[in-house]
Amino acid sequence: MNVIVGLGNPGRRYDGTRHNVGFETIDLLAQRNDIKVNKLKFKALYGEGIIGGKKVLLVKPQTFMNLSGQSLLALVQFYKLEMNQITVIYDDIDIAVGTIRIREKGSAGTHNGMRSIIYQLQKDNFPRIRIGVGKPEQMDLAAFVLSPFRGEEQEGIRRALENAALAAETLVEKNIQEAMNKYNG
């Protein structure tokens, strides 16, 4: 089984913000693969389905970003998951809008949601798809990631979300190397 986790903050007030691109990618994957993400357990909304003939869980932690690791730890313990069965999708301010980066493992960088996950799991060797949301220019970082995309960024972020969904599908259907070769931009 593959578990694809999109990071974000629950609640309508966070819809469309830079910090919620992980949630938006899960929504896109759910739509593309006819998976209903409507079950509540593990401090998360999740749905079970099939991508490329393989069983997947699409997961949206409901703990708020900075506590995302609590949700993921509950999933890992319940399903006895190996790290290579997990893919985390999240925003990255160090990547330009419209671009994604896929990695097999790595540090949390400045991302508090990833810090929480790595702290809770005590491991960082799981695949991740980072979606570029741009860097703030004279704006507080917290305010920036909780802000919506500007009009001129809309096309780029739409393309990045689509590529993140396609990369996640490729990762499940084939492998991470193929996803990295095709979608790292």
# chains A, B, ... in the order shown; residues from 1 in each chain; ligands from 1

call {"tool": "residues_around", "arguments": {"residues": "range 160-163 of chain A", "least_positions_apart": "3", "cutoff": "9 Å", "atoms": "only C-alpha atoms", "output": "ChimeraX atom specification"}}
result
/A:21-22,24-25,28-29,97-100,131-132,155-157,166-168,183

call {"tool": "select_by_dssp", "arguments": {"residues": "range 8-183 of chain A", "states": "strand (DSSP E or B)", "output": "PyMOL selection string"}}
result
chain A and resi 17+39-41+44-51+54-61+86-92+100-103+128-132+148

call {"tool": "closest_residue", "arguments": {"among": "A:Gly185, A:Gly106, A:Gly6, A:Gly49", "to": "Ser68 in chain A", "atoms": "only C-alpha atoms"}}
result
A:Gly6

call {"tool": "atom_distance", "arguments": {"atom1": "CA of Gly151 in chain A", "atom2": "CA of Asp91 in chain A"}}
result
18.2 Å

call {"tool": "residues_around", "arguments": {"residues": "Ala179 in chain A", "least_positions_apart": "2", "cutoff": "9 Å", "atoms": "only C-alpha atoms", "output": "list in words"}}
result
Ile102, Leu166, Ala167, Ala168, Glu169, Thr170, Leu171, Lys174, Asn175, Ile176, Gln177, Asn181, Lys182, Tyr183 and Asn184 of chain A

call {"tool": "atom_distance", "arguments": {"atom1": "CA of Asn66 in chain A", "atom2": "CA of Asn112 in chain A"}}
result
5.2 Å

call {"tool": "residues_around", "arguments": {"residues": "Asp92 in chain A", "least_positions_apart": "3", "cutoff": "10 Å", "atoms": "only C-alpha atoms", "output": "JSON, numbers by chain"}}
result
{"A": [18, 19, 21, 89, 95, 96, 97, 99, 100, 101, 109, 110, 111, 129, 130, 131, 132, 133, 134, 135, 145]}

call {"tool": "write_last_selection", "arguments": {"atoms": "N, CA and C atoms", "output": "JSON list (two decimals), in the first residue's frame"}}
result
[["chain", "number", "residue", "atom", "x", "y", "z"],
["A", 18, "ARG", "N", -0.96, 29.45, 0.08],
["A", 18, "ARG", "CA", 0.29, 28.79, -0.33],
["A", 18, "ARG", "C", 0.58, 27.56, 0.53],
["A", 19, "HIS", "N", 0.25, 27.64, 1.81],
["A", 19, "HIS", "CA", 0.53, 26.53, 2.72],
["A", 19, "HIS", "C", -0.36, 25.31, 2.44],
["A", 21, "VAL", "N", -1.10, 23.85, -0.58],
["A", 21, "VAL", "CA", -0.94, 23.18, -1.88],
["A", 21, "VAL", "C", -0.89, 21.66, -1.74],
["A", 89, "ILE", "N", 3.55, 15.54, 0.33],
["A", 89, "ILE", "CA", 3.49, 16.66, -0.63],
["A", 89, "ILE", "C", 3.27, 17.94, 0.16],
["A", 95, "ILE", "N", 11.49, 27.35, -3.74],
["A", 95, "ILE", "CA", 11.31, 26.91, -5.12],
["A", 95, "ILE", "C", 10.34, 27.87, -5.79],
["A", 96, "ALA", "N", 10.64, 28.23, -7.02],
["A", 96, "ALA", "CA", 9.80, 29.19, -7.76],
["A", 96, "ALA", "C", 8.40, 28.63, -8.00],
["A", 97, "VAL", "N", 7.42, 29.51, -8.01],
["A", 97, "VAL", "CA", 6.03, 29.12, -8.31],
["A", 97, "VAL", "C", 6.01, 28.45, -9.69],
["A", 99, "THR", "N", 7.01, 25.28, -10.18],
["A", 99, "THR", "CA", 8.05, 24.25, -10.21],
["A", 99, "THR", "C", 7.84, 23.27, -9.07],
["A", 100, "ILE", "N", 8.17, 22.01, -9.30],
["A", 100, "ILE", "CA", 8.15, 21.02, -8.22],
["A", 100, "ILE", "C", 9.52, 20.35, -8.14],
["A", 101, "ARG", "N", 9.82, 19.80, -6.96],
["A", 101, "ARG", "CA", 11.05, 19.03, -6.75],
["A", 101, "ARG", "C", 10.67, 17.76, -6.01],
["A", 109, "GLY", "N", 14.29, 21.40, 6.31],
["A", 109, "GLY", "CA", 14.53, 22.79, 5.91],
["A", 109, "GLY", "C", 13.82, 23.72, 6.88],
["A", 110, "THR", "N", 13.13, 24.71, 6.35],
["A", 110, "THR", "CA", 12.42, 25.68, 7.19],
["A", 110, "THR", "C", 10.96, 25.31, 7.39],
["A", 111, "HIS", "N", 10.53, 24.16, 6.91],
["A", 111, "HIS", "CA", 9.12, 23.79, 6.92],
["A", 111, "HIS", "C", 8.71, 23.13, 8.24],
["A", 129, "ILE", "N", 7.38, 15.39, -2.34],
["A", 129, "ILE", "CA", 7.18, 16.24, -3.51],
["A", 129, "ILE", "C", 6.97, 17.65, -2.98],
["A", 130, "ARG", "N", 7.90, 18.53, -3.30],
["A", 130, "ARG", "CA", 7.83, 19.91, -2.83],
["A", 130, "ARG", "C", 7.30, 20.78, -3.96],
["A", 131, "ILE", "N", 6.34, 21.61, -3.64],
["A", 131, "ILE", "CA", 5.72, 22.49, -4.62],
["A", 131, "ILE", "C", 6.16, 23.92, -4.35],
["A", 132, "GLY", "N", 6.76, 24.55, -5.34],
["A", 132, "GLY", "CA", 7.24, 25.91, -5.19],
["A", 132, "GLY", "C", 6.11, 26.91, -5.03],
["A", 133, "VAL", "N", 6.21, 27.73, -3.98],
["A", 133, "VAL", "CA", 5.19, 28.76, -3.74],
["A", 133, "VAL", "C", 5.80, 30.16, -3.76],
["A", 134, "GLY", "N", 7.09, 30.26, -4.09],
["A", 134, "GLY", "CA", 7.75, 31.56, -4.15],
["A", 134, "GLY", "C", 8.19, 32.04, -2.79],
["A", 135, "LYS", "N", 8.99, 33.11, -2.81],
["A", 135, "LYS", "CA", 9.56, 33.69, -1.59],
["A", 135, "LYS", "C", 8.91, 35.03, -1.30],
["A", 145, "VAL", "N", 2.92, 32.56, 3.71],
["A", 145, "VAL", "CA", 2.46, 31.21, 3.38],
["A", 145, "VAL", "C", 0.96, 31.04, 3.63]]

call {"tool": "atom_distance", "arguments": {"atom1": "CA of Asn33 in chain A", "atom2": "CA of Pro127 in chain A"}}
result
20.6 Å

call {"tool": "select_by_dssp", "arguments": {"residues": "chain A", "states": "helix (DSSP H, G or I)", "output": "VMD selection string"}}
result
chain A and resid 12 to 14 18 to 32 65 to 79 83 to 85 112 to 121 141 to 145 151 to 173 176 to 183

call {"tool": "residues_around", "arguments": {"residues": "Phe64 in chain A", "least_positions_apart": "2", "cutoff": "9 Å", "atoms": "only C-alpha atoms", "output": "list in words"}}
result
Leu7, Gly8, Asn9, Pro10, Pro61, Gln62, Asn66, Leu67, Ser68 and Gly113 of chain A

call {"tool": "residues_around", "arguments": {"residues": "Leu45 in chain A", "least_positions_apart": "4", "cutoff": "8 Å", "atoms": "only C-alpha atoms", "output": "VMD selection string"}}
result
chain A and resid 37 to 41 59 to 62

call {"tool": "closest_residue", "arguments": {"among": "A:Ala165, A:Ile35, A:Val3, A:Ala44", "to": "Leu81 in chain A", "atoms": "only C-alpha atoms"}}
result
A:Val3

call {"tool": "closest_residue", "arguments": {"among": "A:Leu121, A:Ile26, A:Ile51, A:Met114", "to": "Gln77 in chain A", "atoms": "only C-alpha atoms"}}
result
A:Leu121
